[in-house]
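> Provided below: coords.pdb, containing PDB, C-alpha atoms.
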```pdb
ATOM      1  CA  MET K   1     -33.661  56.997 -77.056  1.00  0.00           C
ATOM      2  CA  GLN K   2     -30.312  57.717 -75.400  1.00  0.00           C
ATOM      3  CA  THR K   3     -27.965  60.268 -76.813  1.00  0.00           C
ATOM      4  CA  ARG K   4     -24.375  59.400 -77.600  1.00  0.00           C
ATOM      5  CA  GLU K   5     -23.271  61.333 -74.492  1.00  0.00           C
ATOM      6  CA  ALA K   6     -25.649  59.389 -72.241  1.00  0.00           C
ATOM      7  CA  ARG K   7     -24.388  56.069 -73.575  1.00  0.00           C
ATOM      8  CA  ALA K   8     -20.779  57.094 -72.955  1.00  0.00           C
ATOM      9  CA  GLU K   9     -21.528  58.049 -69.337  1.00  0.00           C
ATOM     10  CA  ALA K  10     -23.387  54.829 -68.520  1.00  0.00           C
ATOM     11  CA  PRO K  11     -20.933  51.974 -69.198  1.00  0.00           C
ATOM     12  CA  SER K  12     -22.453  48.558 -69.742  1.00  0.00           C
ATOM     13  CA  LEU K  13     -21.632  45.721 -67.393  1.00  0.00           C
ATOM     14  CA  PRO K  14     -18.853  43.360 -68.404  1.00  0.00           C
ATOM     15  CA  PRO K  15     -20.097  40.215 -70.140  1.00  0.00           C
ATOM     16  CA  GLU K  16     -19.157  38.078 -67.148  1.00  0.00           C
ATOM     17  CA  THR K  17     -22.830  37.539 -66.306  1.00  0.00           C
ATOM     18  CA  ASP K  18     -23.686  36.368 -69.810  1.00  0.00           C
ATOM     19  CA  SER K  19     -23.317  32.597 -69.408  1.00  0.00           C
ATOM     20  CA  GLU K  20     -24.373  31.949 -73.010  1.00  0.00           C
ATOM     21  CA  ARG K  21     -21.128  33.561 -74.234  1.00  0.00           C
ATOM     22  CA  ARG K  22     -18.862  31.550 -71.929  1.00  0.00           C
ATOM     23  CA  GLN K  23     -17.105  28.333 -72.873  1.00  0.00           C
ATOM     24  CA  HIS K  24     -16.121  27.616 -69.276  1.00  0.00           C
ATOM     25  CA  ARG K  25     -17.511  28.483 -65.884  1.00  0.00           C
ATOM     26  CA  ARG K  26     -15.723  31.275 -64.023  1.00  0.00           C
ATOM     27  CA  HIS K  27     -14.423  30.815 -60.510  1.00  0.00           C
ATOM     28  CA  ALA K  28     -13.966  33.702 -58.076  1.00  0.00           C
ATOM     29  CA  VAL K  29     -10.483  34.031 -56.612  1.00  0.00           C
ATOM     30  CA  SER K  30      -8.807  36.175 -53.984  1.00  0.00           C
ATOM     31  CA  ASN K  31      -5.207  37.090 -53.211  1.00  0.00           C
ATOM     32  CA  LEU K  32      -4.204  36.751 -56.857  1.00  0.00           C
ATOM     33  CA  SER K  33      -2.749  39.850 -58.465  1.00  0.00           C
ATOM     34  CA  LEU K  34      -1.020  41.086 -61.604  1.00  0.00           C
ATOM     35  CA  LYS K  35       2.415  42.657 -61.202  1.00  0.00           C
ATOM     36  CA  GLY K  36       4.773  44.423 -63.570  1.00  0.00           C
ATOM     37  CA  PRO K  37       3.759  47.127 -66.027  1.00  0.00           C
ATOM     38  CA  ILE K  38       0.086  46.097 -65.725  1.00  0.00           C
ATOM     39  CA  ARG K  39      -1.110  45.965 -62.125  1.00  0.00           C
ATOM     40  CA  GLY K  40      -4.467  44.748 -60.924  1.00  0.00           C
ATOM     41  CA  ASP K  41      -6.439  42.167 -58.986  1.00  0.00           C
ATOM     42  CA  VAL K  42      -7.611  38.955 -60.605  1.00  0.00           C
ATOM     43  CA  MET K  43     -11.319  38.707 -59.827  1.00  0.00           C
ATOM     44  CA  ASN K  44     -12.109  35.369 -61.452  1.00  0.00           C
ATOM     45  CA  THR K  45     -10.553  32.647 -63.572  1.00  0.00           C
ATOM     46  CA  SER K  46     -11.497  29.924 -66.011  1.00  0.00           C
ATOM     47  CA  PRO K  47      -9.360  27.449 -67.950  1.00  0.00           C
ATOM     48  CA  THR K  48      -9.216  29.899 -70.865  1.00  0.00           C
ATOM     49  CA  GLY K  49      -9.244  33.350 -69.287  1.00  0.00           C
ATOM     50  CA  ILE K  50      -9.133  35.732 -66.356  1.00  0.00           C
ATOM     51  CA  GLY K  51     -11.229  38.690 -65.249  1.00  0.00           C
ATOM     52  CA  VAL K  52      -9.148  41.549 -63.862  1.00  0.00           C
ATOM     53  CA  GLN K  53      -9.867  44.803 -62.052  1.00  0.00           C
ATOM     54  CA  THR K  54      -7.298  47.530 -62.702  1.00  0.00           C
ATOM     55  CA  ASN K  55      -6.872  51.289 -62.838  1.00  0.00           C
ATOM     56  CA  GLU K  56      -5.569  51.105 -66.398  1.00  0.00           C
ATOM     57  CA  SER K  57      -7.547  51.094 -69.626  1.00  0.00           C
ATOM     58  CA  LEU K  58      -6.128  48.390 -71.884  1.00  0.00           C
ATOM     59  CA  ARG K  59      -6.591  48.184 -75.644  1.00  0.00           C
ATOM     60  CA  VAL K  60      -9.029  45.517 -76.804  1.00  0.00           C
ATOM     61  CA  GLY K  61      -7.347  43.111 -79.204  1.00  0.00           C
ATOM     62  CA  TRP K  62      -3.831  43.793 -77.928  1.00  0.00           C
ATOM     63  CA  SER K  63      -1.717  41.011 -76.460  1.00  0.00           C
ATOM     64  CA  TYR K  64       0.211  41.448 -73.232  1.00  0.00           C
ATOM     65  CA  ALA K  65       2.609  39.361 -71.154  1.00  0.00           C
ATOM     66  CA  PHE K  66       1.079  39.426 -67.682  1.00  0.00           C
ATOM     67  CA  LYS K  67       2.985  38.606 -64.503  1.00  0.00           C
ATOM     68  CA  MET K  68       0.709  36.909 -62.018  1.00  0.00           C
ATOM     69  CA  LYS K  69       1.560  36.561 -58.343  1.00  0.00           C
ATOM     70  CA  HIS K  70      -0.056  34.347 -55.717  1.00  0.00           C
ATOM     71  CA  GLY K  71       1.844  34.251 -52.427  1.00  0.00           C
ATOM     72  CA  SER K  72       5.498  33.759 -53.366  1.00  0.00           C
ATOM     73  CA  GLU K  73       4.713  32.159 -56.756  1.00  0.00           C
ATOM     74  CA  MET K  74       5.208  34.314 -59.881  1.00  0.00           C
ATOM     75  CA  ILE K  75       4.394  33.197 -63.431  1.00  0.00           C
ATOM     76  CA  ARG K  76       4.262  34.934 -66.818  1.00  0.00           C
ATOM     77  CA  ILE K  77       1.021  34.595 -68.730  1.00  0.00           C
ATOM     78  CA  PRO K  78       0.510  35.655 -72.347  1.00  0.00           C
ATOM     79  CA  GLY K  79      -3.009  36.905 -72.977  1.00  0.00           C
ATOM     80  CA  LYS K  80      -5.180  38.976 -75.289  1.00  0.00           C
ATOM     81  CA  ILE K  81      -7.621  41.655 -74.101  1.00  0.00           C
ATOM     82  CA  GLN K  82     -11.172  40.693 -75.131  1.00  0.00           C
ATOM     83  CA  TRP K  83     -13.018  43.568 -73.455  1.00  0.00           C
ATOM     84  CA  CYS K  84     -12.313  46.541 -71.200  1.00  0.00           C
ATOM     85  CA  ARG K  85     -15.023  48.491 -69.352  1.00  0.00           C
ATOM     86  CA  LEU K  86     -14.940  51.486 -67.037  1.00  0.00           C
ATOM     87  CA  VAL K  87     -17.047  50.374 -64.062  1.00  0.00           C
ATOM     88  CA  ARG K  88     -16.689  53.349 -61.722  1.00  0.00           C
ATOM     89  CA  LEU K  89     -14.648  56.344 -60.632  1.00  0.00           C
ATOM     90  CA  MET K  90     -13.125  56.083 -57.166  1.00  0.00           C
ATOM     91  CA  ARG K  91     -12.801  59.371 -55.297  1.00  0.00           C
ATOM     92  CA  ILE K  92      -9.244  60.053 -54.110  1.00  0.00           C
ATOM     93  CA  ASP K  93      -9.965  63.515 -52.700  1.00  0.00           C
ATOM     94  CA  ASP K  94     -12.339  66.403 -53.428  1.00  0.00           C
ATOM     95  CA  ASN K  95     -10.935  67.061 -56.904  1.00  0.00           C
ATOM     96  CA  GLU K  96      -9.335  63.782 -57.931  1.00  0.00           C
ATOM     97  CA  TYR K  97     -10.807  60.488 -59.110  1.00  0.00           C
ATOM     98  CA  LEU K  98      -9.175  57.205 -60.051  1.00  0.00           C
ATOM     99  CA  PRO K  99     -10.807  55.114 -62.807  1.00  0.00           C
ATOM    100  CA  VAL K 100     -11.608  51.471 -62.099  1.00  0.00           C
ATOM    101  CA  PHE K 101     -11.749  49.151 -65.112  1.00  0.00           C
ATOM    102  CA  ARG K 102     -12.726  45.512 -65.487  1.00  0.00           C
ATOM    103  CA  ILE K 103     -10.999  43.628 -68.274  1.00  0.00           C
ATOM    104  CA  GLY K 104     -11.463  40.200 -69.788  1.00  0.00           C
ATOM    105  CA  VAL K 105      -8.292  38.396 -70.843  1.00  0.00           C
ATOM    106  CA  GLU K 106      -8.179  35.351 -73.090  1.00  0.00           C
ATOM    107  CA  LEU K 107      -5.164  33.267 -72.121  1.00  0.00           C
ATOM    108  CA  ALA K 108      -2.831  31.863 -74.768  1.00  0.00           C
ATOM    109  CA  GLY K 109      -2.527  28.073 -74.603  1.00  0.00           C
ATOM    110  CA  SER K 110      -3.371  25.994 -71.560  1.00  0.00           C
ATOM    111  CA  VAL K 111      -1.468  28.057 -69.017  1.00  0.00           C
ATOM    112  CA  TRP K 112      -3.228  26.603 -65.997  1.00  0.00           C
ATOM    113  CA  ASN K 113      -2.139  23.068 -66.776  1.00  0.00           C
ATOM    114  CA  LYS K 114       1.479  24.246 -66.386  1.00  0.00           C
ATOM    115  CA  SER K 115       1.007  26.280 -63.220  1.00  0.00           C
ATOM    116  CA  GLN K 116       0.434  25.586 -59.544  1.00  0.00           C
ATOM    117  CA  VAL K 117      -1.012  29.073 -59.087  1.00  0.00           C
ATOM    118  CA  TYR K 118      -4.519  28.298 -60.342  1.00  0.00           C
ATOM    119  CA  VAL K 119      -6.512  27.411 -57.259  1.00  0.00           C
ATOM    120  CA  TYR K 120     -10.261  27.032 -57.044  1.00  0.00           C
ATOM    121  CA  PRO K 121     -11.786  28.259 -53.793  1.00  0.00           C
TER     122      PRO K 121
END
```
Just give me the structure as structure tokens.

Amino acid sequence: MQTREARAEAPSLPPETDSERRQHRRHAVSNLSLKGPIRGDVMNTSPTGIGVQTNESLRVGWSYAFKMKHGSEMIRIPGKIQWCRLVRLMRIDDNEYLPVFRIGVELAGSVWNKSQVYVYP
């Protein structure tokens, strides 16, 4: 049996591999990033959500207005954080580490139907 400390040090993987919990298939993307107060790289998309990698821990259940940029296109996307997991610590130098989080965002409304930014590979 793991202790509470051991569980805290070994974060579970994000639920992105759990296809039974997904309404829609995810599609990997590249060159799609979040700008503004919340910065990060969009790792994958679906019609109802995005998976993001960021250095910020975001509060589950909170809603944010994301700014998404692809090339010269910029759109605002309202979304709600469904999960946030620390996936690793990236070494900056001998004494400094930068956290890397993966977050799952549920998008409000059918954003992709109104945007030319959503591109499947």
> Suppose a student applies the PyMOL selection byres ((chain K and resi 75-82) around 6) to this structure; what residues should they get, written as a list of chain:residue names?
K:Val60, K:Gly61, K:Trp62, K:Ser63, K:Tyr64, K:Ala65, K:Phe66, K:Lys67, K:Met68, K:Met74, K:Trp83, K:Gly104, K:Val105, K:Glu106, K:Leu107, K:Ala108
> Pick from K:Tyr97, K:Ile92, K:Arg85, K:Ala28: nearest to Leu58 (chain K), with all atoms listed in the file counted?
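Going through K:Tyr97, K:Ile92, K:Arg85, K:Ala28 one by one, the smallest distance to Leu58 (chain K) is for K:Arg85.
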> I would like the residues chosen by the PyMOL selection byres ((chain K and resi 30) around 9) on the shown file; could you give them as a list in words?
Ala28, Val29, Asn31, Leu32, Ser33, Asp41, Val42, Met43, Asn44 and Pro121 of chain K
> In Å, how far is it from CA of Asp93 (chain K) to CA of Asn55 (chain K)?
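Between these atoms lies a distance of 16.2 Å.
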> Identify which of the residues K:Val100, K:Cys84, K:Ile50, K:Met90 lies closest to His24 (chain K), counting all atoms listed in the file when measuring atom-to-atom distances.
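Of K:Val100, K:Cys84, K:Ile50, K:Met90, the one nearest His24 (chain K) is K:Ile50, counting all atoms listed in the file.
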> Please report the interatomic distance between CA of Leu98 (chain K) and CA of Gln53 (chain K) in Å with one decimal.
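If I compute the distance from CA of Leu98 (chain K) to CA of Gln53 (chain K), I get 12.6 Å.
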> If you measure from CA of Ser57 (chain K) to CA of His27 (chain K), what distance in Å do you get, rounded to one decimal?
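Separating CA of Ser57 (chain K) from CA of His27 (chain K) is a distance of 23.3 Å.
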> With 5 Å of padding per side, what axis-aligned box (centre and edge lengths, Å, one decimal) covers all the listed atoms of region 36-46 of chain K? Give it as JSON.

```
{"center_x": -3.7, "center_y": 38.5, "center_z": -62.5, "size_x": 26.9, "size_y": 27.2, "size_z": 17.0}
```
> Distance cut-off 8 Å, centre (-14.5, 46.8, -64.7) in file coordinates, counting only C-alpha atoms: which residues qualify? Return them as a list in words.
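Those within range, by chain then number, are Leu13, Pro14, Val52, Gln53, Thr54, Cys84, Arg85, Leu86, Val87, Arg88, Val100, Phe101, Arg102 and Ile103 of chain K.
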> Which residue gives the smallest distance to Ser46 (chain K) among K:Asn95, K:Arg25, K:Leu89, K:His70, with only C-alpha atoms counted?
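Closest to Ser46 (chain K), using only C-alpha atoms: K:Arg25.
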